[in-house]
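This report refers to the structure that appears directly beneath it.
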Amino acid sequence: MCSSDLRKPLLLVGESGTAKTVMIQRYLNGLDGEVNVRLNMNLSSRTRSLDAQRILEANIDKRSGCTYGPPAGKNLVVFIDDMNLPTVDKYGTQQPIAMLLLLMSRGWMYDRGKELTRKDLVDTLWLGAMGPPGGGRNPTDPRFIALFNTFNVAEPSPETLSSIYSSIIDTDRKSTRLNSSHPRYL
């Protein structure tokens with residue numbers, strides 16, 4: 001899949017250790033750098049809406065009037081990792097998610113200068129990953145999640161895990177047999 005095929009945002013949801021981030025990073029690494037600019041946005045419990053906006057603004061240029069985007073002829077591919085980690089405030093919102101909801105649903109955000117002018121964002125593609133709520137992760141606004149094509153990433157079966165780790169151990173054993181000066185054998 002090339003980035004021009006991806007027009008609706010994509011979200012992977014699954015427990016820790018299901019390789020959500022690895023899958024998206026592998027996809028991003030396969031994108032043509034001549035046509036795509038990648039941006040990784042890692043959210044945490046301390047991320048504020050201004051933090052998320054500044055990260056975005058550092059990766060876009062003014063094109064004309066109130067239109068902003070990546071350099072001409074390129075797409076900005078934004079990967080939002082740990083989307084449900086931002087803290088829920090006293091109003092029940094996660095500030096960075098509220099800002100991203102406005103931006104993604106309407107295509108613009110406010111310039112936070114004196115004038116609060118509008119910034120239209122173009123040529124931007126969105127990817128996200130998050131775990132289910134619980135253990136420090138918060139429920140995320142369903143209006144925001146509805147903007148994404150959402151896929152569940154299931155945990156690997158015990159047989160799959162056994163196969164993966166057996167392959168790793170077998171490869172390690174073979175390489176140490178070939179290299180008898182390995183520190184384990186000195």
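Just so we're on the same page: first chain in the structure tokens is A, next is B, and so on; residues restart at 1 for each chain, and ligands are numbered from 1 in the order they show up.
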All residues 7 Å or closer to segment 78-92 of chain A, only C-alpha atoms, same chain fewer than 3 positions away omitted, as a ChimeraX atom specification: /A:38-47,125-130,136-140
So the first atom is atom CA of Ile145 of chain A and the second is atom CA of Ala72 of chain A; what is the distance between them in Å, to one decimal place?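 Rounded to one decimal, the two atoms are 29.1 Å apart.
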When you draw a straight line from atom CA of Pro133 of chain A to atom CA of Thr93 of chain A, how long is it in Å?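 Those two atoms sit 14.5 Å apart.
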State, in Å with one decimal place, the distance from atom CA of Arg106 of chain A to atom CA of Asp120 of chain A.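 For atom CA of Arg106 of chain A relative to atom CA of Asp120 of chain A, the distance reads 8.8 Å.
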Would you give me, as a tab-separated table, each residue of segment 55-174 of chain A having an atom within 7 Å of an atom of segment 21-35 of chain A, along with its shortest atom pair and that distance in Å to one decimal, using only C-alpha atoms and sorting by chain and residue number?
residue	atom	partner	partner_atom	distance
A:Gly73	CA	A:Val35	CA	6.7
A:Lys74	CA	A:Val35	CA	4.6
A:Asn75	CA	A:Val35	CA	6.3
A:Ala129	CA	A:Thr21	CA	6.6
Which of segment 30-177 of chain A counts as strand (DSSP E) under DSSP, as a compact mmCIF listing (two decimals) with N, CA, C and O atoms, in the first residue's frame please?
# COMPACT_ATOMS: atom_id res chain seq x y z
N ASN A 36 6.93 11.61 0.70
CA ASN A 36 6.35 11.61 2.04
C ASN A 36 7.32 12.14 3.09
O ASN A 36 8.50 11.80 3.08
N VAL A 37 6.77 12.92 4.01
CA VAL A 37 7.50 13.37 5.19
C VAL A 37 6.83 12.68 6.37
O VAL A 37 5.61 12.74 6.53
N ARG A 38 7.62 11.99 7.20
CA ARG A 38 7.08 11.25 8.33
C ARG A 38 7.20 12.07 9.60
O ARG A 38 8.19 12.75 9.83
N LEU A 39 6.17 11.96 10.44
CA LEU A 39 6.18 12.62 11.74
C LEU A 39 5.66 11.64 12.79
O LEU A 39 4.53 11.16 12.69
N ASN A 40 6.49 11.31 13.77
CA ASN A 40 6.07 10.47 14.89
C ASN A 40 5.68 11.38 16.04
O ASN A 40 6.49 12.20 16.49
N MET A 41 4.46 11.24 16.52
CA MET A 41 3.96 12.03 17.64
C MET A 41 3.62 11.06 18.76
O MET A 41 2.60 10.36 18.70
N ASN A 42 4.48 10.98 19.76
CA ASN A 42 4.26 10.07 20.89
C ASN A 42 3.57 10.84 22.00
O ASN A 42 4.14 11.79 22.54
N ASP A 61 4.80 23.96 6.52
CA ASP A 61 5.19 25.26 5.98
C ASP A 61 3.94 26.01 5.57
O ASP A 61 2.92 25.41 5.23
N LYS A 62 4.06 27.33 5.55
CA LYS A 62 2.96 28.15 5.03
C LYS A 62 3.01 28.06 3.52
O LYS A 62 4.05 28.24 2.90
N ARG A 63 1.87 27.77 2.92
CA ARG A 63 1.81 27.67 1.45
C ARG A 63 1.28 28.97 0.86
O ARG A 63 1.91 29.58 0.02
N SER A 64 0.09 29.37 1.28
CA SER A 64 -0.47 30.65 0.84
C SER A 64 -1.64 31.00 1.74
O SER A 64 -2.36 30.11 2.20
N THR A 67 -3.26 28.59 4.32
CA THR A 67 -3.02 27.19 3.98
C THR A 67 -1.61 26.78 4.38
O THR A 67 -0.64 27.43 4.02
N TYR A 68 -1.54 25.66 5.12
CA TYR A 68 -0.27 25.11 5.59
C TYR A 68 -0.20 23.64 5.22
O TYR A 68 -1.22 22.98 5.07
N GLY A 69 1.02 23.13 5.10
CA GLY A 69 1.20 21.72 4.81
C GLY A 69 2.67 21.39 4.71
O GLY A 69 3.54 22.24 4.94
N ASN A 75 3.49 14.59 1.01
CA ASN A 75 2.45 14.31 2.01
C ASN A 75 3.12 14.25 3.37
O ASN A 75 4.21 13.71 3.51
N LEU A 76 2.45 14.78 4.39
CA LEU A 76 2.89 14.62 5.77
C LEU A 76 2.15 13.43 6.34
O LEU A 76 0.90 13.42 6.38
N VAL A 77 2.87 12.39 6.73
CA VAL A 77 2.26 11.19 7.31
C VAL A 77 2.54 11.23 8.81
O VAL A 77 3.67 11.10 9.24
N VAL A 78 1.47 11.46 9.58
CA VAL A 78 1.59 11.63 11.03
C VAL A 78 1.19 10.33 11.71
O VAL A 78 0.09 9.83 11.51
N PHE A 79 2.10 9.82 12.54
CA PHE A 79 1.83 8.64 13.35
C PHE A 79 1.68 9.08 14.80
O PHE A 79 2.62 9.56 15.41
N ILE A 80 0.46 8.91 15.34
CA ILE A 80 0.17 9.27 16.73
C ILE A 80 0.21 7.99 17.55
O ILE A 80 -0.68 7.14 17.43
N ASP A 81 1.24 7.84 18.37
CA ASP A 81 1.40 6.63 19.17
C ASP A 81 0.86 6.88 20.59
O ASP A 81 0.98 7.99 21.11
N TRP A 108 -8.62 22.10 9.92
CA TRP A 108 -7.93 23.32 10.34
C TRP A 108 -7.79 23.35 11.86
O TRP A 108 -8.44 22.62 12.58
N MET A 109 -6.88 24.23 12.30
CA MET A 109 -6.68 24.49 13.72
C MET A 109 -6.46 25.99 13.87
O MET A 109 -6.25 26.70 12.89
N TYR A 110 -6.52 26.46 15.09
CA TYR A 110 -6.29 27.88 15.34
C TYR A 110 -4.80 28.15 15.52
O TYR A 110 -4.09 27.38 16.16
N ARG A 118 -7.11 31.17 11.58
CA ARG A 118 -7.29 29.77 11.18
C ARG A 118 -6.10 29.31 10.35
O ARG A 118 -5.60 30.05 9.51
N LYS A 119 -5.68 28.06 10.58
CA LYS A 119 -4.63 27.43 9.78
C LYS A 119 -5.22 26.18 9.14
O LYS A 119 -5.55 25.22 9.83
N ASP A 120 -5.39 26.22 7.82
CA ASP A 120 -5.89 25.05 7.09
C ASP A 120 -4.72 24.12 6.82
O ASP A 120 -3.68 24.56 6.32
N LEU A 121 -4.88 22.85 7.13
CA LEU A 121 -3.81 21.87 6.93
C LEU A 121 -4.17 20.97 5.75
O LEU A 121 -5.26 20.40 5.71
N THR A 124 -2.11 15.84 4.41
CA THR A 124 -1.73 15.17 5.64
C THR A 124 -2.48 13.86 5.78
O THR A 124 -3.69 13.81 5.57
N LEU A 125 -1.76 12.80 6.11
CA LEU A 125 -2.32 11.47 6.33
C LEU A 125 -2.08 11.10 7.78
O LEU A 125 -1.04 11.43 8.34
N TRP A 126 -3.03 10.37 8.40
CA TRP A 126 -2.98 10.10 9.83
C TRP A 126 -2.97 8.60 10.11
O TRP A 126 -3.78 7.85 9.58
N LEU A 127 -2.08 8.19 11.01
CA LEU A 127 -2.02 6.81 11.51
C LEU A 127 -1.98 6.89 13.03
O LEU A 127 -1.42 7.84 13.58
N GLY A 128 -2.54 5.90 13.71
CA GLY A 128 -2.52 5.91 15.16
C GLY A 128 -2.42 4.51 15.73
O GLY A 128 -2.72 3.53 15.06
N ALA A 129 -2.00 4.46 17.00
CA ALA A 129 -1.93 3.19 17.72
C ALA A 129 -2.25 3.47 19.19
O ALA A 129 -1.86 4.52 19.73
N MET A 130 -2.96 2.55 19.79
CA MET A 130 -3.27 2.67 21.22
C MET A 130 -3.69 1.33 21.78
O MET A 130 -4.09 0.43 21.04
N ASN A 149 -10.28 4.39 10.39
CA ASN A 149 -10.54 2.97 10.11
C ASN A 149 -9.81 2.25 11.24
O ASN A 149 -8.59 2.36 11.36
N THR A 150 -10.54 1.55 12.08
CA THR A 150 -9.96 0.96 13.29
C THR A 150 -9.84 -0.55 13.14
O THR A 150 -10.79 -1.22 12.75
N PHE A 151 -8.65 -1.06 13.48
CA PHE A 151 -8.37 -2.49 13.41
C PHE A 151 -7.85 -2.97 14.75
O PHE A 151 -6.99 -2.33 15.35
N ASN A 152 -8.37 -4.11 15.20
CA ASN A 152 -7.88 -4.73 16.42
C ASN A 152 -6.69 -5.61 16.09
O ASN A 152 -6.73 -6.38 15.13
So which one's closest to Lys8 of chain A, A:Gln53, A:Lys114, A:Phe148, A:Arg48? Using only C-alpha atoms, please.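 Comparing A:Gln53, A:Lys114, A:Phe148, A:Arg48 against Lys8 of chain A, the winner is A:Phe148.
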Nearest to Ala146 of chain A among A:Pro9, A:Gly65, A:Gly14, A:Pro70, with distances taken over only C-alpha atoms: which residue is it?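 Checking each candidate against Ala146 of chain A, we get A:Pro9 as the closest.
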Run DSSP on the backbone of this structure and report the residues of segment 16-130 of chain A it assigns to helix (DSSP H, G or I), as a PyMOL selection string. chain A and resi 20-29+49-57+95-106
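Restricting the calculation to only C-alpha atoms, the smallest distance between Asp141 of chain A and any of A:Gln94, A:Ser105, A:Ser157, A:Ser163 is found for A:Gln94.
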